[in-house]
$ cat query.pdb   # PDB, C-alpha atoms
ATOM      1  CA  MET A   1      38.750  80.053 -47.753  1.00  0.00           C
ATOM      2  CA  ILE A   2      39.111  76.908 -49.896  1.00  0.00           C
ATOM      3  CA  ILE A   3      39.119  74.568 -46.896  1.00  0.00           C
ATOM      4  CA  GLU A   4      35.696  75.770 -45.753  1.00  0.00           C
ATOM      5  CA  HIS A   5      34.158  74.502 -49.016  1.00  0.00           C
ATOM      6  CA  VAL A   6      35.593  70.977 -48.966  1.00  0.00           C
ATOM      7  CA  GLN A   7      32.673  69.420 -47.082  1.00  0.00           C
ATOM      8  CA  SER A   8      30.117  71.174 -49.310  1.00  0.00           C
ATOM      9  CA  ILE A   9      31.788  69.714 -52.383  1.00  0.00           C
ATOM     10  CA  LEU A  10      32.171  66.236 -50.874  1.00  0.00           C
ATOM     11  CA  HIS A  11      28.416  66.133 -50.195  1.00  0.00           C
ATOM     12  CA  ALA A  12      27.317  67.775 -53.448  1.00  0.00           C
ATOM     13  CA  GLN A  13      25.361  65.765 -55.986  1.00  0.00           C
ATOM     14  CA  ARG A  14      25.313  68.488 -58.662  1.00  0.00           C
ATOM     15  CA  ILE A  15      28.278  70.760 -59.407  1.00  0.00           C
ATOM     16  CA  ALA A  16      28.393  73.459 -62.088  1.00  0.00           C
ATOM     17  CA  ILE A  17      31.825  74.659 -63.227  1.00  0.00           C
ATOM     18  CA  LEU A  18      32.047  78.028 -64.986  1.00  0.00           C
ATOM     19  CA  GLY A  19      34.898  80.060 -66.436  1.00  0.00           C
ATOM     20  CA  CYS A  20      36.495  81.315 -69.603  1.00  0.00           C
ATOM     21  CA  SER A  21      37.982  78.915 -72.125  1.00  0.00           C
ATOM     22  CA  GLY A  22      41.410  77.818 -70.968  1.00  0.00           C
ATOM     23  CA  THR A  23      40.764  78.086 -67.241  1.00  0.00           C
ATOM     24  CA  GLY A  24      40.680  74.322 -66.761  1.00  0.00           C
ATOM     25  CA  LYS A  25      36.942  73.678 -66.401  1.00  0.00           C
ATOM     26  CA  THR A  26      37.160  70.323 -68.155  1.00  0.00           C
ATOM     27  CA  THR A  27      40.204  69.139 -66.189  1.00  0.00           C
ATOM     28  CA  LEU A  28      38.628  70.177 -62.888  1.00  0.00           C
ATOM     29  CA  ALA A  29      35.357  68.484 -63.867  1.00  0.00           C
ATOM     30  CA  ARG A  30      37.119  65.220 -64.739  1.00  0.00           C
ATOM     31  CA  ASN A  31      39.132  65.250 -61.516  1.00  0.00           C
ATOM     32  CA  LEU A  32      36.095  66.045 -59.364  1.00  0.00           C
ATOM     33  CA  GLY A  33      34.109  63.367 -61.191  1.00  0.00           C
ATOM     34  CA  THR A  34      36.784  60.814 -60.300  1.00  0.00           C
ATOM     35  CA  LEU A  35      37.004  61.918 -56.664  1.00  0.00           C
ATOM     36  CA  LEU A  36      33.253  62.181 -56.097  1.00  0.00           C
ATOM     37  CA  ASN A  37      32.090  59.397 -58.416  1.00  0.00           C
ATOM     38  CA  LEU A  38      29.808  61.816 -60.262  1.00  0.00           C
ATOM     39  CA  PRO A  39      29.044  61.691 -63.995  1.00  0.00           C
ATOM     40  CA  VAL A  40      30.680  64.528 -65.938  1.00  0.00           C
ATOM     41  CA  HIS A  41      29.048  66.383 -68.821  1.00  0.00           C
ATOM     42  CA  HIS A  42      31.028  68.792 -71.016  1.00  0.00           C
ATOM     43  CA  LEU A  43      28.528  71.241 -72.523  1.00  0.00           C
ATOM     44  CA  ASP A  44      30.709  71.811 -75.588  1.00  0.00           C
ATOM     45  CA  ARG A  45      30.015  68.202 -76.616  1.00  0.00           C
ATOM     46  CA  TYR A  46      26.283  68.945 -76.611  1.00  0.00           C
ATOM     47  CA  TYR A  47      26.310  72.477 -78.008  1.00  0.00           C
ATOM     48  CA  TRP A  48      28.746  72.191 -80.929  1.00  0.00           C
ATOM     49  CA  GLN A  49      28.123  70.099 -84.024  1.00  0.00           C
ATOM     50  CA  PRO A  50      30.853  69.008 -86.487  1.00  0.00           C
ATOM     51  CA  GLY A  51      32.757  71.930 -87.982  1.00  0.00           C
ATOM     52  CA  TRP A  52      31.922  74.167 -84.996  1.00  0.00           C
ATOM     53  CA  GLN A  53      28.310  74.604 -86.067  1.00  0.00           C
ATOM     54  CA  ALA A  54      26.130  75.695 -83.157  1.00  0.00           C
ATOM     55  CA  SER A  55      23.221  73.425 -82.256  1.00  0.00           C
ATOM     56  CA  ASP A  56      19.699  74.614 -82.729  1.00  0.00           C
ATOM     57  CA  HIS A  57      19.037  76.734 -79.613  1.00  0.00           C
ATOM     58  CA  GLN A  58      15.820  74.948 -78.641  1.00  0.00           C
ATOM     59  CA  MET A  59      17.373  71.531 -79.173  1.00  0.00           C
ATOM     60  CA  PHE A  60      20.355  72.442 -76.969  1.00  0.00           C
ATOM     61  CA  LYS A  61      18.063  73.953 -74.342  1.00  0.00           C
ATOM     62  CA  ASN A  62      16.033  70.703 -74.222  1.00  0.00           C
ATOM     63  CA  VAL A  63      19.189  68.574 -73.851  1.00  0.00           C
ATOM     64  CA  HIS A  64      20.467  70.957 -71.175  1.00  0.00           C
ATOM     65  CA  GLN A  65      17.189  70.743 -69.233  1.00  0.00           C
ATOM     66  CA  LYS A  66      17.386  66.943 -69.258  1.00  0.00           C
ATOM     67  CA  LEU A  67      20.948  67.064 -67.935  1.00  0.00           C
ATOM     68  CA  CYS A  68      20.006  69.527 -65.189  1.00  0.00           C
ATOM     69  CA  ILE A  69      17.213  67.385 -63.762  1.00  0.00           C
ATOM     70  CA  GLU A  70      19.410  64.307 -63.486  1.00  0.00           C
ATOM     71  CA  PRO A  71      20.010  63.555 -59.787  1.00  0.00           C
ATOM     72  CA  ARG A  72      23.819  63.595 -59.951  1.00  0.00           C
ATOM     73  CA  TRP A  73      26.244  65.448 -62.206  1.00  0.00           C
ATOM     74  CA  ILE A  74      29.141  67.738 -62.816  1.00  0.00           C
ATOM     75  CA  ILE A  75      28.538  70.047 -65.772  1.00  0.00           C
ATOM     76  CA  ASP A  76      31.332  72.177 -67.131  1.00  0.00           C
ATOM     77  CA  GLY A  77      30.635  74.941 -69.585  1.00  0.00           C
ATOM     78  CA  ASN A  78      30.007  78.617 -69.733  1.00  0.00           C
ATOM     79  CA  GLN A  79      27.067  78.855 -72.132  1.00  0.00           C
ATOM     80  CA  THR A  80      25.462  81.970 -70.672  1.00  0.00           C
ATOM     81  CA  LEU A  81      21.938  81.432 -72.020  1.00  0.00           C
ATOM     82  CA  THR A  82      21.507  78.217 -70.045  1.00  0.00           C
ATOM     83  CA  GLN A  83      23.763  79.147 -67.129  1.00  0.00           C
ATOM     84  CA  PRO A  84      21.005  80.407 -64.761  1.00  0.00           C
ATOM     85  CA  GLU A  85      19.047  77.159 -65.036  1.00  0.00           C
ATOM     86  CA  ARG A  86      22.180  75.026 -64.573  1.00  0.00           C
ATOM     87  CA  CYS A  87      23.158  77.018 -61.499  1.00  0.00           C
ATOM     88  CA  LYS A  88      19.630  76.845 -60.101  1.00  0.00           C
ATOM     89  CA  HIS A  89      19.859  73.039 -60.085  1.00  0.00           C
ATOM     90  CA  ALA A  90      23.454  72.872 -58.795  1.00  0.00           C
ATOM     91  CA  ASP A  91      24.337  72.305 -55.140  1.00  0.00           C
ATOM     92  CA  VAL A  92      27.763  73.903 -55.652  1.00  0.00           C
ATOM     93  CA  ILE A  93      28.909  76.376 -58.303  1.00  0.00           C
ATOM     94  CA  ILE A  94      32.610  76.812 -59.002  1.00  0.00           C
ATOM     95  CA  PHE A  95      33.769  79.821 -61.006  1.00  0.00           C
ATOM     96  CA  LEU A  96      37.333  79.745 -62.325  1.00  0.00           C
ATOM     97  CA  ASP A  97      38.030  83.483 -62.351  1.00  0.00           C
ATOM     98  CA  PHE A  98      41.631  83.467 -63.547  1.00  0.00           C
ATOM     99  CA  SER A  99      43.620  86.330 -65.030  1.00  0.00           C
ATOM    100  CA  ARG A 100      43.484  86.813 -68.782  1.00  0.00           C
ATOM    101  CA  HIS A 101      47.139  85.964 -69.326  1.00  0.00           C
ATOM    102  CA  ILE A 102      46.673  82.546 -67.669  1.00  0.00           C
ATOM    103  CA  TYR A 103      43.745  81.438 -69.785  1.00  0.00           C
ATOM    104  CA  TRP A 104      45.149  82.982 -72.953  1.00  0.00           C
ATOM    105  CA  TRP A 105      48.418  81.055 -72.460  1.00  0.00           C
ATOM    106  CA  ARG A 106      46.501  77.850 -71.756  1.00  0.00           C
ATOM    107  CA  VAL A 107      44.318  78.232 -74.858  1.00  0.00           C
ATOM    108  CA  VAL A 108      47.363  78.720 -77.071  1.00  0.00           C
ATOM    109  CA  THR A 109      49.289  75.777 -75.570  1.00  0.00           C
ATOM    110  CA  ARG A 110      46.168  73.587 -75.781  1.00  0.00           C
ATOM    111  CA  TRP A 111      45.797  74.548 -79.442  1.00  0.00           C
ATOM    112  CA  PHE A 112      49.373  73.461 -80.117  1.00  0.00           C
ATOM    113  CA  ALA A 113      48.845  70.203 -78.216  1.00  0.00           C
ATOM    114  CA  PHE A 114      45.580  69.293 -79.990  1.00  0.00           C
ATOM    115  CA  ARG A 115      45.848  71.011 -83.365  1.00  0.00           C
ATOM    116  CA  ASN A 116      45.975  67.685 -85.215  1.00  0.00           C
ATOM    117  CA  LYS A 117      43.952  65.618 -82.747  1.00  0.00           C
ATOM    118  CA  GLN A 118      40.394  65.352 -81.487  1.00  0.00           C
ATOM    119  CA  ARG A 119      39.953  66.595 -77.918  1.00  0.00           C
ATOM    120  CA  PRO A 120      37.823  64.175 -75.883  1.00  0.00           C
ATOM    121  CA  ASP A 121      35.677  66.952 -74.409  1.00  0.00           C
ATOM    122  CA  LEU A 122      34.616  68.311 -77.816  1.00  0.00           C
ATOM    123  CA  ALA A 123      32.013  66.994 -80.208  1.00  0.00           C
ATOM    124  CA  PRO A 124      33.341  64.899 -83.082  1.00  0.00           C
ATOM    125  CA  GLY A 125      34.475  67.086 -85.974  1.00  0.00           C
ATOM    126  CA  CYS A 126      35.368  70.034 -83.734  1.00  0.00           C
ATOM    127  CA  ARG A 127      39.104  70.545 -83.626  1.00  0.00           C
ATOM    128  CA  ASP A 128      40.767  73.253 -81.576  1.00  0.00           C
ATOM    129  CA  SER A 129      40.687  76.509 -83.463  1.00  0.00           C
ATOM    130  CA  LEU A 130      42.075  79.976 -82.894  1.00  0.00           C
ATOM    131  CA  ASN A 131      39.732  81.814 -85.231  1.00  0.00           C
ATOM    132  CA  ARG A 132      38.787  85.478 -84.895  1.00  0.00           C
ATOM    133  CA  HIS A 133      35.473  84.751 -83.150  1.00  0.00           C
ATOM    134  CA  PHE A 134      37.126  82.585 -80.488  1.00  0.00           C
ATOM    135  CA  ILE A 135      40.010  85.011 -79.928  1.00  0.00           C
ATOM    136  CA  THR A 136      37.532  87.890 -79.554  1.00  0.00           C
ATOM    137  CA  TYR A 137      35.522  85.879 -77.024  1.00  0.00           C
ATOM    138  CA  ILE A 138      38.636  85.192 -74.932  1.00  0.00           C
ATOM    139  CA  LEU A 139      39.910  88.771 -75.109  1.00  0.00           C
ATOM    140  CA  ASN A 140      36.495  90.159 -74.135  1.00  0.00           C
ATOM    141  CA  PHE A 141      35.594  87.611 -71.470  1.00  0.00           C
ATOM    142  CA  LYS A 142      36.585  89.829 -68.520  1.00  0.00           C
ATOM    143  CA  THR A 143      34.605  92.842 -69.741  1.00  0.00           C
ATOM    144  CA  THR A 144      31.627  91.230 -71.496  1.00  0.00           C
ATOM    145  CA  TRP A 145      30.949  87.755 -70.096  1.00  0.00           C
ATOM    146  CA  ARG A 146      32.423  87.854 -66.588  1.00  0.00           C
ATOM    147  CA  PRO A 147      29.917  90.517 -65.395  1.00  0.00           C
ATOM    148  CA  ILE A 148      27.063  88.242 -66.538  1.00  0.00           C
ATOM    149  CA  VAL A 149      28.558  85.305 -64.630  1.00  0.00           C
ATOM    150  CA  LEU A 150      29.047  87.456 -61.505  1.00  0.00           C
ATOM    151  CA  ARG A 151      25.425  88.701 -61.585  1.00  0.00           C
ATOM    152  CA  ASN A 152      24.231  85.123 -61.891  1.00  0.00           C
ATOM    153  CA  LEU A 153      26.469  84.025 -59.020  1.00  0.00           C
ATOM    154  CA  GLU A 154      25.161  86.840 -56.836  1.00  0.00           C
ATOM    155  CA  GLU A 155      21.591  85.671 -57.516  1.00  0.00           C
ATOM    156  CA  GLN A 156      22.527  82.106 -56.686  1.00  0.00           C
ATOM    157  CA  LYS A 157      24.276  83.203 -53.489  1.00  0.00           C
ATOM    158  CA  ARG A 158      21.108  85.008 -52.387  1.00  0.00           C
ATOM    159  CA  ALA A 159      19.233  81.749 -53.065  1.00  0.00           C
ATOM    160  CA  GLY A 160      21.584  79.963 -50.646  1.00  0.00           C
ATOM    161  CA  LYS A 161      23.836  78.164 -53.108  1.00  0.00           C
ATOM    162  CA  THR A 162      27.460  77.373 -52.285  1.00  0.00           C
ATOM    163  CA  ILE A 163      29.585  79.572 -54.545  1.00  0.00           C
ATOM    164  CA  ILE A 164      33.317  78.966 -54.863  1.00  0.00           C
ATOM    165  CA  VAL A 165      35.458  81.410 -56.812  1.00  0.00           C
ATOM    166  CA  LEU A 166      38.973  80.228 -57.584  1.00  0.00           C
ATOM    167  CA  HIS A 167      41.421  82.892 -58.771  1.00  0.00           C
ATOM    168  CA  SER A 168      44.358  80.780 -59.935  1.00  0.00           C
ATOM    169  CA  PRO A 169      45.381  77.305 -61.024  1.00  0.00           C
ATOM    170  CA  HIS A 170      47.163  77.028 -57.668  1.00  0.00           C
ATOM    171  CA  GLU A 171      43.864  77.510 -55.812  1.00  0.00           C
ATOM    172  CA  ALA A 172      42.247  74.823 -57.992  1.00  0.00           C
ATOM    173  CA  SER A 173      45.143  72.456 -57.167  1.00  0.00           C
ATOM    174  CA  VAL A 174      44.840  73.183 -53.443  1.00  0.00           C
ATOM    175  CA  LEU A 175      41.112  72.483 -53.586  1.00  0.00           C
ATOM    176  CA  LEU A 176      41.675  69.149 -55.332  1.00  0.00           C
ATOM    177  CA  LYS A 177      44.421  68.232 -52.861  1.00  0.00           C
ATOM    178  CA  LYS A 178      42.163  68.980 -49.867  1.00  0.00           C
ATOM    179  CA  LEU A 179      39.329  66.982 -51.431  1.00  0.00           C
ATOM    180  CA  GLN A 180      41.662  64.080 -52.125  1.00  0.00           C
ATOM    181  CA  GLU A 181      42.844  64.111 -48.492  1.00  0.00           C
ATOM    182  CA  GLN A 182      39.200  63.773 -47.382  1.00  0.00           C
ATOM    183  CA  SER A 183      38.315  61.171 -50.029  1.00  0.00           C
ATOM    184  CA  SER A 184      39.358  57.544 -50.389  1.00  0.00           C
ATOM    185  CA  VAL A 185      39.907  58.034 -54.132  1.00  0.00           C
ATOM    186  CA  SER A 186      43.013  59.373 -55.811  1.00  0.00           C
ATOM    187  CA  ILE A 187      43.272  61.324 -59.037  1.00  0.00           C
ATOM    188  CA  PRO A 188      45.196  59.442 -61.728  1.00  0.00           C
ATOM    189  CA  ALA A 189      48.419  61.040 -62.891  1.00  0.00           C
ATOM    190  CA  LYS A 190      48.088  63.106 -66.038  1.00  0.00           C
ATOM    191  CA  SER A 191      49.016  61.099 -69.105  1.00  0.00           C
ATOM    192  CA  SER A 192      50.819  62.614 -72.062  1.00  0.00           C
TER     193      SER A 192
END
$ encode --input "query.pdb" --output "structure tokens"
Amino acid sequence: MIIEHVQSILHAQRIAILGCSGTGKTTLARNLGTLLNLPVHHLDRYYWQPGWQASDHQMFKNVHQKLCIEPRWIIDGNQTLTQPERCKHADVIIFLDFSRHIYWWRVVTRWFAFRNKQRPDLAPGCRDSLNRHFITYILNFKTTWRPIVLRNLEEQKRAGKTIIVLHSPHEASVLLKKLQEQSSVSIPAKSS
């Protein structure tokens, strides 16, 4: 199933990556950006202001619209209010639909890794946090947010978009490996 999407991704100019926190959206976006020479935009950098203050909705929507009409991009983020527009402009949409225990484990280990550091994909002044709101979001993603994503993906599929649903980190790795085999670019080794 993954192999059939390799050519679609290699020819895509706009890729949207969706999924719960901790699924690896940012890592996949960076790796695809390197392989495909596409600019990468992490929506969290645009949405969140220092201290995890949400941006003004209209301001974020305007920034998002400008990103979406750019000719080439990879945008990672799950902001559901702007998701339909982002997907409408994308050539390929990748949904990281991992099990809850995988993304929960990844969120906790990421928090330990970055608890005293600034993550490069977050806006300045936003440090990893495991507050009640964030934990509730993660725990409820499968029942509250995933159905919204799936409805949006179904709409986009009817519109003829290429939809790729990856169910595990292994599938994401296989996809990257197949893309790398078809590309002249290699993904740099992960630095500590």
$ resolve_selection --input "query.pdb" --expression "the PyMOL selection byres ((chain A and resi 167-175) around 6)" --output "PyMOL selection string"
chain A and resi 97-98+166+176-178
$ write_last_selection --input "query.pdb" --atoms "C-alpha atoms" --output "compact mmCIF listing (two decimals), keeping the file's coordinate frame"
# COMPACT_ATOMS: atom_id res chain seq x y z
CA ASP A 97 38.03 83.48 -62.35
CA PHE A 98 41.63 83.47 -63.55
CA LEU A 166 38.97 80.23 -57.58
CA LEU A 176 41.68 69.15 -55.33
CA LYS A 177 44.42 68.23 -52.86
CA LYS A 178 42.16 68.98 -49.87
$ residues_around --input "query.pdb" --residues "stretch 23-40 of chain A" --least-positions-apart "4" --cutoff "7 Å" --atoms "only C-alpha atoms" --output "ChimeraX atom specification"
/A:10,17-19,72-76,96,98,103,180,183,185-187
$ atom_distance --input "query.pdb" --atom1 "atom CA of A:Ala113" --atom2 "atom CA of A:Asp44"
18.4 Å
$ residues_around --input "query.pdb" --residues "A:Arg45" --least-positions-apart "4" --cutoff "9 Å" --atoms "only C-alpha atoms" --output "list in words"
His41, Gln49, Pro120, Asp121, Leu122, Ala123 and Pro124 of chain A
$ closest_residue --input "query.pdb" --among "A:Val108, A:Ile148, A:Leu179, A:Val165" --to "A:Ser21" --atoms "only C-alpha atoms"
A:Val108
$ atom_distance --input "query.pdb" --atom1 "atom CA of A:Gln7" --atom2 "atom CA of A:Ala90"
15.3 Å
$ resolve_selection --input "query.pdb" --expression "the PyMOL selection byres ((chain A and resi 65) around 12)" --output "MDAnalysis selection string"
chainID A and resid 43 46 58:64 66:70 75 82:89
$ write_last_selection --input "query.pdb" --atoms "C-alpha atoms" --output "compact mmCIF listing (two decimals), keeping the file's coordinate frame"
# COMPACT_ATOMS: atom_id res chain seq x y z
CA LEU A 43 28.53 71.24 -72.52
CA TYR A 46 26.28 68.94 -76.61
CA GLN A 58 15.82 74.95 -78.64
CA MET A 59 17.37 71.53 -79.17
CA PHE A 60 20.36 72.44 -76.97
CA LYS A 61 18.06 73.95 -74.34
CA ASN A 62 16.03 70.70 -74.22
CA VAL A 63 19.19 68.57 -73.85
CA HIS A 64 20.47 70.96 -71.18
CA LYS A 66 17.39 66.94 -69.26
CA LEU A 67 20.95 67.06 -67.94
CA CYS A 68 20.01 69.53 -65.19
CA ILE A 69 17.21 67.39 -63.76
CA GLU A 70 19.41 64.31 -63.49
CA ILE A 75 28.54 70.05 -65.77
CA THR A 82 21.51 78.22 -70.04
CA GLN A 83 23.76 79.15 -67.13
CA PRO A 84 21.00 80.41 -64.76
CA GLU A 85 19.05 77.16 -65.04
CA ARG A 86 22.18 75.03 -64.57
CA CYS A 87 23.16 77.02 -61.50
CA LYS A 88 19.63 76.84 -60.10
CA HIS A 89 19.86 73.04 -60.08
$ closest_residue --input "query.pdb" --among "A:Thr136, A:Gln79, A:Ser129, A:Gln13" --to "A:Trp111" --atoms "only C-alpha atoms"
A:Ser129
$ closest_residue --input "query.pdb" --among "A:Lys142, A:Lys161, A:Glu155, A:Thr80" --to "A:Ala12" --atoms "only C-alpha atoms"
A:Lys161
$ closest_residue --input "query.pdb" --among "A:Arg127, A:Arg151, A:Arg146, A:Arg158" --to "A:Gln53" --atoms "only C-alpha atoms"
A:Arg127
$ closest_residue --input "query.pdb" --among "A:Ile138, A:Val6, A:Ile93, A:Cys126" --to "A:Leu150" --atoms "all atoms listed in the file"
A:Ile93
$ closest_residue --input "query.pdb" --among "A:Thr162, A:Gln118, A:Ser99, A:Asn152" --to "A:Arg14" --atoms "only C-alpha atoms"
A:Thr162
$ atom_distance --input "query.pdb" --atom1 "atom CA of A:Gln182" --atom2 "atom CA of A:Gly160"
24.1 Å
$ axis_aligned_box --input "query.pdb" --around "stretch 101-119 of chain A" --padding-each-side "5 Å" --output "lines of an AutoDock Vina configuration file"
center_x = 44.7
center_y = 75.7
center_z = -76.4
size_x = 19.4
size_y = 30.6
size_z = 27.5
$ resolve_selection --input "query.pdb" --expression "the PyMOL selection byres ((chain A and resi 139) around 10)" --output "PyMOL selection string"
chain A and resi 20+100-101+103-104+134-138+140-144
$ build_atoms --input "query.pdb" --residues "stretch 134-165 of chain A" --atoms "N, CA and C atoms" --output "tab-separated table (two decimals), in the frame of the given file"
chain	number	residue	atom	x	y	z
A	134	PHE	N	36.68	83.16	-81.75
A	134	PHE	CA	37.13	82.58	-80.49
A	134	PHE	C	38.11	83.51	-79.78
A	135	ILE	N	39.04	84.08	-80.52
A	135	ILE	CA	40.01	85.01	-79.93
A	135	ILE	C	39.30	86.22	-79.34
A	136	THR	N	38.31	86.74	-80.05
A	136	THR	CA	37.53	87.89	-79.55
A	136	THR	C	36.80	87.53	-78.26
A	137	TYR	N	36.21	86.34	-78.23
A	137	TYR	CA	35.52	85.88	-77.02
A	137	TYR	C	36.48	85.87	-75.83
A	138	ILE	N	37.66	85.29	-76.02
A	138	ILE	CA	38.64	85.19	-74.93
A	138	ILE	C	39.10	86.58	-74.48
A	139	LEU	N	39.42	87.43	-75.45
A	139	LEU	CA	39.91	88.77	-75.11
A	139	LEU	C	38.85	89.62	-74.41
A	140	ASN	N	37.58	89.37	-74.72
A	140	ASN	CA	36.49	90.16	-74.14
A	140	ASN	C	35.82	89.50	-72.94
A	141	PHE	N	36.28	88.33	-72.55
A	141	PHE	CA	35.59	87.61	-71.47
A	141	PHE	C	35.49	88.46	-70.20
A	142	LYS	N	36.58	89.07	-69.78
A	142	LYS	CA	36.58	89.83	-68.52
A	142	LYS	C	35.60	91.00	-68.53
A	143	THR	N	35.46	91.64	-69.68
A	143	THR	CA	34.60	92.84	-69.74
A	143	THR	C	33.17	92.55	-70.17
A	144	THR	N	32.97	91.50	-70.97
A	144	THR	CA	31.63	91.23	-71.50
A	144	THR	C	30.94	90.10	-70.76
A	145	TRP	N	31.59	88.96	-70.63
A	145	TRP	CA	30.95	87.76	-70.10
A	145	TRP	C	31.09	87.60	-68.59
A	146	ARG	N	32.22	87.98	-68.03
A	146	ARG	CA	32.42	87.85	-66.59
A	146	ARG	C	31.36	88.60	-65.78
A	147	PRO	N	30.98	89.84	-66.16
A	147	PRO	CA	29.92	90.52	-65.40
A	147	PRO	C	28.59	89.74	-65.39
A	148	ILE	N	28.29	89.05	-66.49
A	148	ILE	CA	27.06	88.24	-66.54
A	148	ILE	C	27.17	87.07	-65.56
A	149	VAL	N	28.32	86.43	-65.55
A	149	VAL	CA	28.56	85.30	-64.63
A	149	VAL	C	28.44	85.80	-63.19
A	150	LEU	N	29.07	86.94	-62.88
A	150	LEU	CA	29.05	87.46	-61.50
A	150	LEU	C	27.64	87.82	-61.05
A	151	ARG	N	26.84	88.39	-61.94
A	151	ARG	CA	25.42	88.70	-61.58
A	151	ARG	C	24.67	87.41	-61.28
A	152	ASN	N	24.88	86.41	-62.11
A	152	ASN	CA	24.23	85.12	-61.89
A	152	ASN	C	24.68	84.51	-60.57
A	153	LEU	N	25.96	84.58	-60.28
A	153	LEU	CA	26.47	84.02	-59.02
A	153	LEU	C	25.90	84.76	-57.81
A	154	GLU	N	25.76	86.06	-57.93
A	154	GLU	CA	25.16	86.84	-56.84
A	154	GLU	C	23.72	86.40	-56.59
A	155	GLU	N	22.97	86.18	-57.65
A	155	GLU	CA	21.59	85.67	-57.52
A	155	GLU	C	21.59	84.31	-56.83
A	156	GLN	N	22.48	83.45	-57.26
A	156	GLN	CA	22.53	82.11	-56.69
A	156	GLN	C	22.96	82.15	-55.22
A	157	LYS	N	23.84	83.05	-54.89
A	157	LYS	CA	24.28	83.20	-53.49
A	157	LYS	C	23.10	83.63	-52.62
A	158	ARG	N	22.31	84.57	-53.14
A	158	ARG	CA	21.11	85.01	-52.39
A	158	ARG	C	20.12	83.86	-52.21
A	159	ALA	N	20.12	82.91	-53.14
A	159	ALA	CA	19.23	81.75	-53.06
A	159	ALA	C	19.81	80.66	-52.16
A	160	GLY	N	21.01	80.90	-51.59
A	160	GLY	CA	21.58	79.96	-50.65
A	160	GLY	C	22.52	78.93	-51.24
A	161	LYS	N	22.91	79.11	-52.47
A	161	LYS	CA	23.84	78.16	-53.11
A	161	LYS	C	25.26	78.36	-52.58
A	162	THR	N	26.04	77.29	-52.61
A	162	THR	CA	27.46	77.37	-52.28
A	162	THR	C	28.19	77.83	-53.53
A	163	ILE	N	28.84	78.99	-53.43
A	163	ILE	CA	29.58	79.57	-54.54
A	163	ILE	C	31.07	79.55	-54.17
A	164	ILE	N	31.87	79.01	-55.08
A	164	ILE	CA	33.32	78.97	-54.86
A	164	ILE	C	33.97	79.66	-56.05
A	165	VAL	N	34.73	80.70	-55.76
A	165	VAL	CA	35.46	81.41	-56.81
A	165	VAL	C	36.94	81.14	-56.62
